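Asker: One file: protein-v4.cif (mmCIF, C-alpha atoms (C1' of nucleotides)).
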```
data_protein
loop_
_atom_site.label_atom_id
_atom_site.label_comp_id
_atom_site.auth_asym_id
_atom_site.auth_seq_id
_atom_site.Cartn_x
_atom_site.Cartn_y
_atom_site.Cartn_z
CA MET A 1 102.37 90.57 52.03
CA ILE A 2 103.26 88.47 55.05
CA ALA A 3 106.68 86.94 54.52
CA ASP A 4 107.12 85.48 57.98
CA ALA A 5 104.24 85.36 60.41
CA ARG A 6 106.32 84.67 63.51
CA PRO A 7 107.52 88.21 64.27
CA LEU A 8 103.87 89.28 64.25
CA GLN A 9 102.86 86.75 66.88
CA PRO A 10 102.40 87.90 70.45
CA GLU A 11 104.82 85.29 71.83
CA PHE A 12 107.67 86.28 69.56
CA VAL A 13 110.85 87.17 71.39
CA PRO A 14 113.24 89.24 69.30
CA GLY A 15 116.92 88.43 69.55
CA ASP A 16 117.59 92.02 70.36
CA VAL A 17 115.22 94.09 72.42
CA ARG A 18 114.61 97.71 71.53
CA HIS A 19 114.27 100.64 73.88
CA ARG A 20 114.63 98.58 77.00
CA GLU A 21 118.38 98.52 77.37
CA GLY A 22 118.26 99.82 80.93
CA GLU A 23 115.72 97.24 82.02
CA VAL A 24 117.62 94.45 80.31
CA ASP A 25 120.83 95.48 82.05
CA ALA A 26 119.09 95.65 85.42
CA LEU A 27 117.61 92.20 84.98
CA THR A 28 120.85 90.75 83.68
CA SER A 29 122.81 92.05 86.62
CA GLY A 30 120.10 90.84 88.97
CA LEU A 31 120.61 87.37 87.56
CA GLN A 32 124.39 87.71 87.56
CA PRO A 33 125.08 85.37 90.51
CA ILE A 34 123.80 82.46 88.45
CA THR A 35 126.77 82.71 86.13
CA VAL A 36 128.97 81.78 89.07
CA GLY A 37 126.65 79.08 90.27
CA ARG A 38 124.79 80.87 93.03
CA LYS A 39 121.08 81.55 93.34
CA THR A 40 119.85 85.12 93.07
CA GLU A 41 117.48 87.24 95.03
CA PRO A 42 114.10 87.42 93.30
CA VAL A 43 113.71 89.99 90.53
CA LEU A 44 110.36 91.70 90.15
CA LEU A 45 109.32 93.24 86.84
CA HIS A 46 106.26 95.42 87.03
CA GLY A 47 104.37 97.84 84.82
CA PRO A 48 101.31 98.06 82.54
CA SER A 49 100.58 95.41 79.94
CA GLY A 50 102.33 95.61 76.60
CA THR A 51 105.43 97.29 77.99
CA GLY A 52 107.77 94.41 77.32
CA LYS A 53 108.03 92.73 80.73
CA THR A 54 107.38 89.22 79.49
CA CYS A 55 109.46 89.74 76.41
CA ILE A 56 112.47 90.94 78.35
CA ALA A 57 112.18 88.26 80.98
CA ARG A 58 112.25 85.58 78.30
CA HIS A 59 114.96 87.32 76.39
CA ALA A 60 117.24 87.63 79.41
CA VAL A 61 116.64 84.05 80.47
CA ASP A 62 117.34 82.78 76.98
CA ARG A 63 120.60 84.65 76.91
CA LEU A 64 121.56 83.39 80.33
CA ARG A 65 121.00 79.85 79.20
CA SER A 66 123.44 80.29 76.38
CA GLU A 67 126.07 81.45 78.86
CA VAL A 68 125.58 78.99 81.67
CA VAL A 69 125.84 75.28 81.11
CA ASP A 70 123.47 73.09 83.07
CA LEU A 71 121.03 75.90 83.64
CA ASP A 72 117.39 74.91 83.77
CA THR A 73 114.73 77.46 83.04
CA GLN A 74 110.98 77.50 82.92
CA TYR A 75 108.33 80.02 82.02
CA VAL A 76 104.99 79.77 83.81
CA ASN A 77 102.01 81.93 83.07
CA CYS A 78 100.13 82.11 86.35
CA TRP A 79 97.01 83.29 84.60
CA GLU A 80 96.70 79.88 83.02
CA ASP A 81 98.17 77.94 85.93
CA TYR A 82 96.70 79.87 88.78
CA THR A 83 96.38 77.21 91.48
CA ARG A 84 99.21 76.09 93.71
CA PHE A 85 99.12 72.64 92.22
CA LYS A 86 99.10 73.65 88.57
CA MET A 87 101.86 76.17 89.04
CA LEU A 88 104.13 73.75 90.88
CA TYR A 89 103.38 71.11 88.29
CA ARG A 90 104.68 73.39 85.55
CA VAL A 91 107.74 74.18 87.61
CA LEU A 92 108.49 70.48 87.92
CA GLU A 93 107.91 70.02 84.22
CA GLY A 94 110.75 72.43 83.61
CA ILE A 95 113.18 69.93 85.10
CA ASP A 96 111.38 66.85 83.82
CA ARG A 97 110.23 65.78 87.24
CA ALA A 98 106.53 66.08 86.62
CA LEU A 99 106.29 62.45 85.57
CA ASN A 100 104.12 60.32 87.80
CA VAL A 101 102.40 63.34 89.25
CA HIS A 102 99.48 63.13 86.87
CA ARG A 103 97.31 62.62 89.86
CA GLN A 104 95.79 65.41 91.86
CA SER A 105 95.90 63.36 94.99
CA THR A 106 99.52 64.01 95.66
CA PRO A 107 100.18 64.75 99.29
CA ARG A 108 100.07 68.43 99.95
CA ASP A 109 103.76 69.27 99.94
CA GLU A 110 105.00 66.43 97.83
CA LEU A 111 105.49 68.72 94.88
CA VAL A 112 107.67 71.13 96.82
CA ASP A 113 109.64 68.26 98.35
CA ARG A 114 110.14 66.71 94.99
CA LEU A 115 111.38 69.99 93.63
CA ARG A 116 113.91 70.36 96.45
CA ASP A 117 115.18 66.83 95.99
CA ALA A 118 115.50 67.18 92.27
CA LEU A 119 117.39 70.43 92.13
CA ASP A 120 121.06 70.12 91.60
CA ASP A 121 121.58 72.51 88.73
CA PRO A 122 120.62 76.16 89.06
CA TYR A 123 117.05 76.77 88.00
CA VAL A 124 115.46 80.02 86.89
CA ILE A 125 111.70 80.32 86.88
CA VAL A 126 109.80 83.16 85.27
CA LEU A 127 106.40 83.56 86.89
CA ASP A 128 104.34 85.74 84.59
CA GLU A 129 101.15 87.42 85.77
CA VAL A 130 102.12 86.40 89.25
CA ASP A 131 99.34 88.53 90.73
CA GLN A 132 96.87 86.00 89.33
CA LEU A 133 98.10 83.27 91.63
CA GLU A 134 95.39 82.21 94.02
CA GLU A 135 97.64 81.08 96.78
CA LYS A 136 100.52 83.49 96.95
CA ASP A 137 102.15 81.62 99.81
CA VAL A 138 103.49 79.11 97.33
CA LEU A 139 105.96 81.82 96.40
CA TYR A 140 107.43 81.50 99.85
CA ASP A 141 107.99 77.79 99.33
CA LEU A 142 109.79 78.56 96.10
CA TYR A 143 111.75 81.36 97.71
CA ARG A 144 113.08 79.02 100.38
CA THR A 145 114.16 76.44 97.87
CA SER A 146 117.89 76.65 97.42
CA GLY A 147 119.21 76.77 93.90
CA LEU A 148 116.01 78.37 92.68
CA SER A 149 115.98 81.87 91.21
CA LEU A 150 112.72 83.69 90.69
CA VAL A 151 111.77 86.28 88.12
CA LEU A 152 108.33 87.64 88.99
CA VAL A 153 106.26 89.58 86.49
CA ALA A 154 103.25 91.60 87.61
CA ASN A 155 101.11 94.46 86.40
CA ARG A 156 100.82 96.49 89.54
CA GLU A 157 103.39 96.30 92.24
CA GLU A 158 101.27 97.73 95.05
CA GLU A 159 98.39 95.39 94.28
CA LEU A 160 100.66 92.39 94.34
CA PHE A 161 102.24 93.32 97.65
CA SER A 162 98.89 93.96 99.28
CA GLU A 163 97.98 90.34 98.62
CA LEU A 164 101.17 88.88 100.00
CA SER A 165 101.63 87.67 103.52
CA GLU A 166 103.88 89.51 105.94
CA ARG A 167 106.81 87.17 105.63
CA LEU A 168 106.74 87.29 101.84
CA VAL A 169 106.67 91.06 101.77
CA SER A 170 109.71 91.24 103.99
CA ARG A 171 111.52 88.61 101.94
CA LEU A 172 110.77 90.36 98.69
CA HIS A 173 112.06 93.58 100.15
CA THR A 174 115.49 92.60 98.99
CA ALA A 175 114.22 91.82 95.52
CA THR A 176 115.50 93.77 92.57
CA ARG A 177 112.53 95.72 91.27
CA ILE A 178 112.42 96.90 87.72
CA ARG A 179 109.73 99.25 86.60
CA PHE A 180 108.39 99.36 83.04
CA ASP A 181 106.62 102.40 81.66
CA ARG A 182 104.46 102.67 78.61
CA TYR A 183 106.33 103.07 75.37
CA GLY A 184 106.49 106.50 73.81
CA MET A 185 105.34 107.04 70.24
CA ASP A 186 108.81 106.87 68.75
CA GLU A 187 109.68 103.72 70.65
CA LEU A 188 106.50 102.03 69.56
CA ILE A 189 107.11 102.99 65.95
CA GLY A 190 110.62 101.58 66.24
CA ILE A 191 109.26 98.28 67.50
CA LEU A 192 106.76 98.16 64.66
CA GLU A 193 109.47 98.92 62.11
CA ASP A 194 111.41 95.91 63.30
CA ARG A 195 108.42 93.65 63.00
CA VAL A 196 107.62 94.99 59.55
CA ARG A 197 111.20 94.39 58.42
CA TRP A 198 111.23 90.84 59.79
CA GLY A 199 107.71 89.81 58.91
CA LEU A 200 106.40 91.69 55.88
CA ARG A 201 107.48 92.22 52.31
CA GLU A 202 109.12 95.50 51.47
CA ASP A 203 107.26 98.75 50.93
CA CYS A 204 103.88 97.55 52.02
CA ILE A 205 103.47 100.04 54.81
CA ASP A 206 104.53 103.67 55.23
CA HIS A 207 105.83 105.51 58.22
CA GLU A 208 102.58 107.41 58.38
CA GLN A 209 100.55 104.25 58.81
CA LEU A 210 102.89 102.99 61.50
CA THR A 211 102.31 106.25 63.32
CA ARG A 212 98.60 105.64 63.19
CA ILE A 213 98.98 102.21 64.65
CA ALA A 214 101.21 103.52 67.41
CA GLU A 215 98.64 106.18 68.25
CA ALA A 216 95.83 103.67 68.47
CA ALA A 217 97.87 101.38 70.69
CA ALA A 218 98.45 104.02 73.38
CA GLY A 219 101.84 102.75 74.48
CA ASP A 220 100.88 99.09 74.47
CA ALA A 221 103.21 97.14 72.20
CA ARG A 222 101.08 94.02 72.25
CA ILE A 223 98.08 95.90 70.88
CA ALA A 224 100.27 97.69 68.33
CA ILE A 225 101.62 94.42 66.99
CA GLY A 226 98.12 92.97 67.06
CA ILE A 227 96.81 95.78 64.90
CA LEU A 228 99.66 95.35 62.47
CA ARG A 229 99.01 91.63 62.29
CA ALA A 230 95.27 92.07 61.72
CA ALA A 231 95.83 94.67 59.00
CA ALA A 232 98.44 92.57 57.21
CA ARG A 233 96.27 89.49 57.34
CA GLU A 234 93.32 91.39 55.92
CA ALA A 235 95.49 92.86 53.16
CA ASP A 236 96.59 89.36 52.24
CA GLY A 237 92.99 88.24 52.16
CA ARG A 238 92.07 91.03 49.78
CA ARG A 239 95.20 90.55 47.72
CA VAL A 240 96.26 94.18 47.99
CA LYS A 241 99.89 95.18 48.12
CA LYS A 242 99.76 97.99 50.65
CA ILE A 243 98.39 98.48 54.10
CA THR A 244 96.03 101.42 53.98
CA ASP A 245 94.48 103.52 56.69
CA ASP A 246 91.18 101.68 56.27
CA LEU A 247 92.85 98.38 56.97
CA ILE A 248 94.41 99.79 60.11
CA GLU A 249 91.13 101.21 61.27
CA GLU A 250 89.55 97.80 60.91
CA GLY A 251 92.51 96.21 62.60
CA VAL A 252 92.07 98.15 65.81
CA PRO A 253 88.84 96.52 66.99
CA GLU A 254 89.96 93.20 65.56
CA ALA A 255 93.17 93.19 67.57
CA LYS A 256 91.22 93.85 70.74
CA ALA A 257 88.56 91.30 69.83
CA GLU A 258 91.28 88.74 69.29
CA ILE A 259 92.52 89.06 72.83
CA ARG A 260 88.96 88.86 74.12
CA GLN A 261 88.13 85.86 71.97
CA LYS A 262 91.02 83.97 73.48
CA HIS A 263 89.57 84.45 76.93
CA VAL A 264 85.98 83.69 75.93
CA GLN A 265 87.12 80.30 74.68
CA LYS A 266 88.36 79.45 78.14
CA LEU A 267 84.97 80.00 79.76
CA THR A 268 82.90 77.09 80.97
CA GLU A 269 79.35 76.52 79.72
CA HIS A 270 77.78 78.38 82.63
CA GLN A 271 80.23 81.25 82.43
CA ARG A 272 79.56 81.48 78.73
CA VAL A 273 75.81 81.82 79.26
CA LEU A 274 76.40 84.62 81.75
CA TYR A 275 78.74 86.35 79.33
CA ASP A 276 76.27 86.05 76.46
CA VAL A 277 73.46 87.51 78.54
CA ILE A 278 75.62 90.47 79.55
CA VAL A 279 76.65 91.09 75.94
CA GLU A 280 73.02 90.91 74.76
CA ARG A 281 71.71 93.28 77.37
CA GLY A 282 74.62 95.67 77.32
CA GLU A 283 74.06 96.54 80.95
CA ILE A 284 72.22 94.45 83.48
CA ALA A 285 71.49 94.34 87.20
CA PRO A 286 72.68 91.29 89.17
CA GLY A 287 69.21 90.05 90.11
CA GLU A 288 67.90 90.12 86.57
CA LEU A 289 71.08 88.57 85.27
CA TYR A 290 70.65 85.66 87.63
CA ASP A 291 67.01 85.16 86.62
CA VAL A 292 67.82 85.08 82.91
CA TYR A 293 70.74 82.77 83.58
CA CYS A 294 68.47 80.33 85.46
CA GLU A 295 66.02 80.22 82.58
CA ARG A 296 68.68 79.37 80.04
CA VAL A 297 70.56 76.70 81.83
CA ASP A 298 69.91 73.19 83.09
CA GLY A 299 70.68 72.96 86.77
CA PRO A 300 71.65 76.54 87.51
CA LYS A 301 74.37 77.11 90.06
CA SER A 302 73.87 79.11 93.22
CA ARG A 303 74.00 82.88 93.31
CA ARG A 304 77.29 82.71 95.10
CA MET A 305 78.83 80.58 92.40
CA VAL A 306 77.59 82.96 89.75
CA ARG A 307 79.35 85.77 91.61
CA ASN A 308 82.55 83.76 91.45
CA HIS A 309 82.12 83.32 87.71
CA LEU A 310 81.50 87.03 87.30
CA GLN A 311 84.65 87.82 89.25
CA LYS A 312 86.64 85.54 87.05
CA MET A 313 85.30 87.23 83.94
CA GLN A 314 86.26 90.58 85.39
CA ARG A 315 89.80 89.32 85.84
CA TYR A 316 89.79 88.25 82.23
CA ASN A 317 88.66 91.73 81.31
CA LEU A 318 85.53 90.44 79.60
CA VAL A 319 83.04 92.05 81.93
CA ARG A 320 83.00 95.26 83.89
CA ALA A 321 81.23 95.76 87.20
CA GLU A 322 80.11 99.22 88.14
CA GLY A 323 78.75 100.40 91.47
CA GLU A 324 78.69 98.72 94.84
CA SER A 325 76.03 96.66 96.54
CA ARG A 326 72.55 97.63 95.37
CA SER A 327 73.59 99.82 92.50
CA ARG A 328 75.89 97.20 90.94
CA THR A 329 75.49 96.57 87.23
CA TYR A 330 77.45 94.36 84.88
CA SER A 331 78.34 95.29 81.34
CA PRO A 332 80.62 93.93 78.64
CA THR A 333 83.98 95.62 78.16
CA SER A 334 83.98 97.33 74.81
"C1'" DC B 335 67.44 110.24 110.23
"C1'" DC B 336 66.22 105.29 110.28
"C1'" DT B 337 64.93 100.90 108.33
"C1'" DC B 338 64.67 97.78 104.64
"C1'" DC B 339 66.79 94.88 101.47
"C1'" DA B 340 69.51 93.66 97.18
"C1'" DC B 341 73.97 92.79 96.69
"C1'" DT B 342 78.96 91.59 97.74
"C1'" DG B 343 82.69 88.62 99.10
"C1'" DG B 344 84.86 85.88 103.07
"C1'" DA B 345 84.65 81.54 105.60
"C1'" DA B 346 83.37 76.98 106.46
"C1'" DG B 347 81.78 72.80 105.17
"C1'" DA B 348 79.57 69.39 101.67
"C1'" DT B 349 80.26 66.84 97.50
"C1'" DC B 350 82.57 64.95 93.51
"C1'" DG B 351 86.13 62.55 90.93
"C1'" DG B 352 90.19 60.06 90.55
"C1'" DG B 353 94.13 57.85 92.16
"C1'" DA B 354 96.63 55.42 96.13
"C1'" DA B 355 96.93 52.62 99.99
"C1'" DG B 356 95.29 48.82 102.47
"C1'" DC C 357 87.31 45.33 96.52
"C1'" DT C 358 86.94 49.37 100.21
"C1'" DT C 359 88.86 53.25 102.38
"C1'" DC C 360 91.37 57.30 102.43
"C1'" DC C 361 93.11 61.55 100.60
"C1'" DC C 362 93.36 65.62 97.89
"C1'" DG C 363 92.11 69.43 94.86
"C1'" DA C 364 88.30 71.50 92.64
"C1'" DT C 365 83.80 72.95 92.73
"C1'" DC C 366 79.86 74.30 94.82
"C1'" DT C 367 76.50 75.54 98.57
"C1'" DT C 368 75.22 77.60 102.86
"C1'" DC C 369 75.71 81.11 106.01
"C1'" DC C 370 76.72 85.65 107.20
"C1'" DA C 371 78.55 90.36 108.20
"C1'" DG C 372 79.04 94.49 105.81
"C1'" DT C 373 77.67 98.06 102.31
"C1'" DG C 374 74.96 101.57 100.37
"C1'" DG C 375 70.75 103.02 97.66
"C1'" DA C 376 65.50 103.55 98.23
"C1'" DG C 377 61.85 105.09 100.69
"C1'" DG C 378 59.30 105.96 104.87
#
```
Show me the file's structure as structure tokens.

Answerer:
Amino acid sequence: MIADARPLQPEFVPGDVRHREGEVDALTSGLQPITVGRKTEPVLLHGPSGTGKTCIARHAVDRLRSEVVDLDTQYVNCWEDYTRFKMLYRVLEGIDRALNVHRQSTPRDELVDRLRDALDDPYVIVLDEVDQLEEKDVLYDLYRTSGLSLVLVANREEELFSELSERLVSRLHTATRIRFDRYGMDELIGILEDRVRWGLREDCIDHEQLTRIAEAAAGDARIAIGILRAAAREADGRRVKKITDDLIEEGVPEAKAEIRQKHVQKLTEHQRVLYDVIVERGEIAPGELYDVYCERVDGPKSRRMVRNHLQKMQRYNLVRAEGESRSRTYSPTS
DNA sequence: CCTCCACTGGAAGATCGGGAAG
DNA sequence: CTTCCCGATCTTCCAGTGGAGG
């Protein structure tokens, strides 16, 4: 059934992006100055997840690189590299200047200095999930670096700006902002059709089934593709030739579980224990959660640290917190 | 209404680990 | 070798919040 698995992968960037022509044009013209060797004002892409922000950022940058000689580019996911140090390290990696910085004990601004010294060619950085950055001020350091062009990707614009310092907000005022809305049904089906054509053998899925997937995905292309991938994989496993409604129905929770599983793997031992307890109990009060956690673990951390862990798991969308202060309970996200 | 107290999240400072400088 | 430095992690302290119960 699966002829080519790549178009079904979440990271896949199609050579030609569907239904986002306007956004692509806006981004391309925002990056226009680079083609004549100048740096650009930052471009901010914002909108819900699965609306193509990352995809289009990568697509536009790829295309730019084919037009401009000596253009350096780098993609950084700030969810994974969320500290100042890690993020800057990745940025330096993009121009091969990360060598010899394997140490953490690099003087505070050495990384920024090194970046400024090293830049002679124009450099475009895509900062994905930029709202996950712990220390947003590092954006200001990047902003002030000449020759550096920033493409920022965030879920919610207002939330991002509320966490930025005064000077950054005023700087980013001039930024090109491009808003992404959820895909409509027809758009989502169109995206799925492409992936089916590129990735699956012919006639293994009908328009009706694609419609079902699009419905279940609620405008989120990443989930839609995830469902398609899960269903196709399962069909291969069972050696059937067609994707049926049953397979899609099973694919829905699997696609969501897959995203969750990725995050669970990144948890530390202590975080994992907390997560397991919350999943077992379904819903649990903070005090009880802490008691159970202490019983299960050698050398339990302080309550405060546990709260940090719980916050992190909320960011990862693994755990939901409901209520304030005394009435707070934690539960797993379904 | 008032008081109690479990709970939250910010701030400050202690501690650890690893690499650099002396 | 020791000392210093830095980021990461963790603890301690605390003001603020809001439900429970006089």

Asker: How would you write, as a JSON list (two decimals) with C-alpha atoms, in the coordinates of the input, the residues chosen by the PyMOL selection byres ((chain A and resi 185) around 9) on this structure?

Answerer:
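Wrote it out as part_10.json, contents follow:
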```
[["chain", "number", "residue", "atom", "x", "y", "z"],
["A", 183, "TYR", "CA", 106.33, 103.07, 75.37],
["A", 184, "GLY", "CA", 106.49, 106.50, 73.81],
["A", 186, "ASP", "CA", 108.81, 106.87, 68.75],
["A", 187, "GLU", "CA", 109.68, 103.72, 70.65],
["A", 188, "LEU", "CA", 106.50, 102.03, 69.56],
["A", 189, "ILE", "CA", 107.11, 102.99, 65.95],
["A", 190, "GLY", "CA", 110.62, 101.58, 66.24],
["A", 211, "THR", "CA", 102.31, 106.25, 63.32],
["A", 214, "ALA", "CA", 101.21, 103.52, 67.41],
["A", 215, "GLU", "CA", 98.64, 106.18, 68.25],
["A", 218, "ALA", "CA", 98.45, 104.02, 73.38],
["A", 219, "GLY", "CA", 101.84, 102.75, 74.48]]
```

Asker: From the set A:Glu110, A:Glu208, A:Glu166, A:Glu157, which residue has the shortest atom-to-atom contact distance to Asp137 of chain A, counting only C-alpha atoms?

Answerer: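 Counting only C-alpha atoms, the residue closest to Asp137 of chain A is A:Glu166.
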
Asker: Could you spell out the hits of the PyMOL selection byres ((chain B and resi 338-355) around 9) on the shown file, as a list in words?

Answerer: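 Those residues are Arg103, Gln104, Ser105, Thr106, Pro286, Gly287, Arg304, Arg307, Glu324, Ser325, Arg326, Ser327 and Arg328 of chain A; DT337 and DG356 of chain B; DT359, DC360, DC361, DA364, DT365, DC366, DT367, DT368, DC369, DG372, DT373, DA376 and DG377 of chain C.
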
Asker: When you draw a straight line from atom CA of Thr268 of chain A to atom CA of Lys86 of chain A, how long is it in Å?

Answerer: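 Calculated distance between atom CA of Thr268 of chain A and atom CA of Lys86 of chain A is 18.2 Å.
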
Asker: Just to confirm, what's the straight-line distance from atom CA of Leu111 of chain A to atom CA of Thr145 of chain A in Å (one decimal)?

Answerer: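 According to the coordinates, atom CA of Leu111 of chain A and atom CA of Thr145 of chain A are separated by 12.0 Å.
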
Asker: Enter the distance from atom CA of Leu45 of chain A to atom CA of Arg84 of chain A, in Å, rounded to one decimal.

Answerer: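 These two atoms are separated by 21.1 Å.
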
Asker: Which polymer residues have any atom within 12 Å of an atom of Arg58 of chain A, counting only C-alpha atoms (C1' of nucleotides), with same-chain residues fewer than 4 positions away left out, as a ChimeraX atom specification?

Answerer: /A:11-17,24,27-28,45,52-54,62-65,73-77,124-128,151-153

Asker: Evaluate the PyMOL selection byres ((chain A and resi 313) around 12) and record the selected residues as JSON, numbers by chain, following the chain and residue labels used in the document.

Answerer: {"A": [260, 263, 264, 265, 266, 267, 268, 270, 271, 272, 273, 274, 275, 276, 278, 306, 307, 308, 309, 310, 311, 312, 314, 315, 316, 317, 318, 319, 320, 321, 330, 331, 332, 333]}

Asker: Write the residues of the preceding selection, restricted to C-alpha atoms, as a compact mmCIF listing (two decimals), keeping the file's coordinate frame.

Answerer:
```txt
# COMPACT_ATOMS: atom_id res chain seq x y z
CA ARG A 260 88.96 88.86 74.12
CA HIS A 263 89.57 84.45 76.93
CA VAL A 264 85.98 83.69 75.93
CA GLN A 265 87.12 80.30 74.68
CA LYS A 266 88.36 79.45 78.14
CA LEU A 267 84.97 80.00 79.76
CA THR A 268 82.90 77.09 80.97
CA HIS A 270 77.78 78.38 82.63
CA GLN A 271 80.23 81.25 82.43
CA ARG A 272 79.56 81.48 78.73
CA VAL A 273 75.81 81.82 79.26
CA LEU A 274 76.40 84.62 81.75
CA TYR A 275 78.74 86.35 79.33
CA ASP A 276 76.27 86.05 76.46
CA ILE A 278 75.62 90.47 79.55
CA VAL A 306 77.59 82.96 89.75
CA ARG A 307 79.35 85.77 91.61
CA ASN A 308 82.55 83.76 91.45
CA HIS A 309 82.12 83.32 87.71
CA LEU A 310 81.50 87.03 87.30
CA GLN A 311 84.65 87.82 89.25
CA LYS A 312 86.64 85.54 87.05
CA GLN A 314 86.26 90.58 85.39
CA ARG A 315 89.80 89.32 85.84
CA TYR A 316 89.79 88.25 82.23
CA ASN A 317 88.66 91.73 81.31
CA LEU A 318 85.53 90.44 79.60
CA VAL A 319 83.04 92.05 81.93
CA ARG A 320 83.00 95.26 83.89
CA ALA A 321 81.23 95.76 87.20
CA TYR A 330 77.45 94.36 84.88
CA SER A 331 78.34 95.29 81.34
CA PRO A 332 80.62 93.93 78.64
CA THR A 333 83.98 95.62 78.16
```

Asker: Would you pick out the contacts of Ala3 of chain A at 6 Å or less, using all atoms listed in the file, so that residues sharing its chain but fewer than 6 positions from it are not included, and give the list as a list in words?

Answerer: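 With the cut-off at 6 Å, the set is Gly199, Leu200 and Arg201 of chain A.
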
Asker: Quick one: residues within 9 Å of Ile191 of chain A, all atoms listed in the file counted, chain neighbours fewer than 5 positions away excluded, as a ChimeraX atom specification?

Answerer: /A:17-19,186,196,221,225

Asker: Measuring between all atoms listed in the file, which one of A:Lys241, A:Arg195, A:Arg303, A:Arg156 shows the shortest distance to chain C?

Answerer: A:Arg303

Asker: Would you pick out the contacts of segment 168-176 of chain A at 10 Å or less, using all atoms listed in the file, so that residues sharing its chain but fewer than 3 positions from it are not included, and give the list as a VMD selection string?

Answerer: chain A and resid 26 to 27 29 to 31 40 to 45 136 to 141 143 to 144 150 to 152 160 to 165 179

Asker: Store the residues picked out above in a file with C-alpha atoms, as a tab-separated table (two decimals), keeping the file's coordinate frame.

Answerer:
```
chain	number	residue	atom	x	y	z
A	26	ALA	CA	119.09	95.65	85.42
A	27	LEU	CA	117.61	92.20	84.98
A	29	SER	CA	122.81	92.05	86.62
A	30	GLY	CA	120.10	90.84	88.97
A	31	LEU	CA	120.61	87.37	87.56
A	40	THR	CA	119.85	85.12	93.07
A	41	GLU	CA	117.48	87.24	95.03
A	42	PRO	CA	114.10	87.42	93.30
A	43	VAL	CA	113.71	89.99	90.53
A	44	LEU	CA	110.36	91.70	90.15
A	45	LEU	CA	109.32	93.24	86.84
A	136	LYS	CA	100.52	83.49	96.95
A	137	ASP	CA	102.15	81.62	99.81
A	138	VAL	CA	103.49	79.11	97.33
A	139	LEU	CA	105.96	81.82	96.40
A	140	TYR	CA	107.43	81.50	99.85
A	141	ASP	CA	107.99	77.79	99.33
A	143	TYR	CA	111.75	81.36	97.71
A	144	ARG	CA	113.08	79.02	100.38
A	150	LEU	CA	112.72	83.69	90.69
A	151	VAL	CA	111.77	86.28	88.12
A	152	LEU	CA	108.33	87.64	88.99
A	160	LEU	CA	100.66	92.39	94.34
A	161	PHE	CA	102.24	93.32	97.65
A	162	SER	CA	98.89	93.96	99.28
A	163	GLU	CA	97.98	90.34	98.62
A	164	LEU	CA	101.17	88.88	100.00
A	165	SER	CA	101.63	87.67	103.52
A	179	ARG	CA	109.73	99.25	86.60
```

Asker: Complete the atom set of segment 148-159 of chain A to N, CA and C atoms and return it as a PDB file, in the frame of the given file.

Answerer:
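Dumped to part-v4.pdb:
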```
ATOM      1  N   LEU A 148     117.110  77.896  93.505  1.00  0.00           N
ATOM      2  CA  LEU A 148     116.010  78.370  92.680  1.00  0.00           C
ATOM      3  C   LEU A 148     116.038  79.899  92.599  1.00  0.00           C
ATOM      4  N   SER A 149     116.019  80.419  91.390  1.00  0.00           N
ATOM      5  CA  SER A 149     115.980  81.870  91.210  1.00  0.00           C
ATOM      6  C   SER A 149     114.662  82.268  90.589  1.00  0.00           C
ATOM      7  N   LEU A 150     114.048  83.301  91.136  1.00  0.00           N
ATOM      8  CA  LEU A 150     112.720  83.690  90.690  1.00  0.00           C
ATOM      9  C   LEU A 150     112.734  85.007  89.943  1.00  0.00           C
ATOM     10  N   VAL A 151     112.055  85.024  88.811  1.00  0.00           N
ATOM     11  CA  VAL A 151     111.770  86.280  88.120  1.00  0.00           C
ATOM     12  C   VAL A 151     110.254  86.428  88.142  1.00  0.00           C
ATOM     13  N   LEU A 152     109.765  87.435  88.854  1.00  0.00           N
ATOM     14  CA  LEU A 152     108.330  87.640  88.990  1.00  0.00           C
ATOM     15  C   LEU A 152     107.890  88.773  88.079  1.00  0.00           C
ATOM     16  N   VAL A 153     106.779  88.560  87.394  1.00  0.00           N
ATOM     17  CA  VAL A 153     106.260  89.580  86.490  1.00  0.00           C
ATOM     18  C   VAL A 153     104.839  89.923  86.920  1.00  0.00           C
ATOM     19  N   ALA A 154     104.578  91.198  87.153  1.00  0.00           N
ATOM     20  CA  ALA A 154     103.250  91.600  87.610  1.00  0.00           C
ATOM     21  C   ALA A 154     102.869  92.942  87.023  1.00  0.00           C
ATOM     22  N   ASN A 155     101.570  93.175  86.930  1.00  0.00           N
ATOM     23  CA  ASN A 155     101.110  94.460  86.400  1.00  0.00           C
ATOM     24  C   ASN A 155     101.310  95.581  87.392  1.00  0.00           C
ATOM     25  N   ARG A 156     100.753  95.405  88.566  1.00  0.00           N
ATOM     26  CA  ARG A 156     100.820  96.490  89.540  1.00  0.00           C
ATOM     27  C   ARG A 156     101.484  96.016  90.809  1.00  0.00           C
ATOM     28  N   GLU A 157     102.573  96.674  91.104  1.00  0.00           N
ATOM     29  CA  GLU A 157     103.390  96.300  92.240  1.00  0.00           C
ATOM     30  C   GLU A 157     102.629  96.385  93.565  1.00  0.00           C
ATOM     31  N   GLU A 158     101.947  97.519  93.772  1.00  0.00           N
ATOM     32  CA  GLU A 158     101.270  97.730  95.050  1.00  0.00           C
ATOM     33  C   GLU A 158     100.208  96.651  95.268  1.00  0.00           C
ATOM     34  N   GLU A 159      99.459  96.369  94.186  1.00  0.00           N
ATOM     35  CA  GLU A 159      98.390  95.390  94.280  1.00  0.00           C
ATOM     36  C   GLU A 159      98.935  94.021  94.657  1.00  0.00           C
TER      37      GLU A 159
END
```
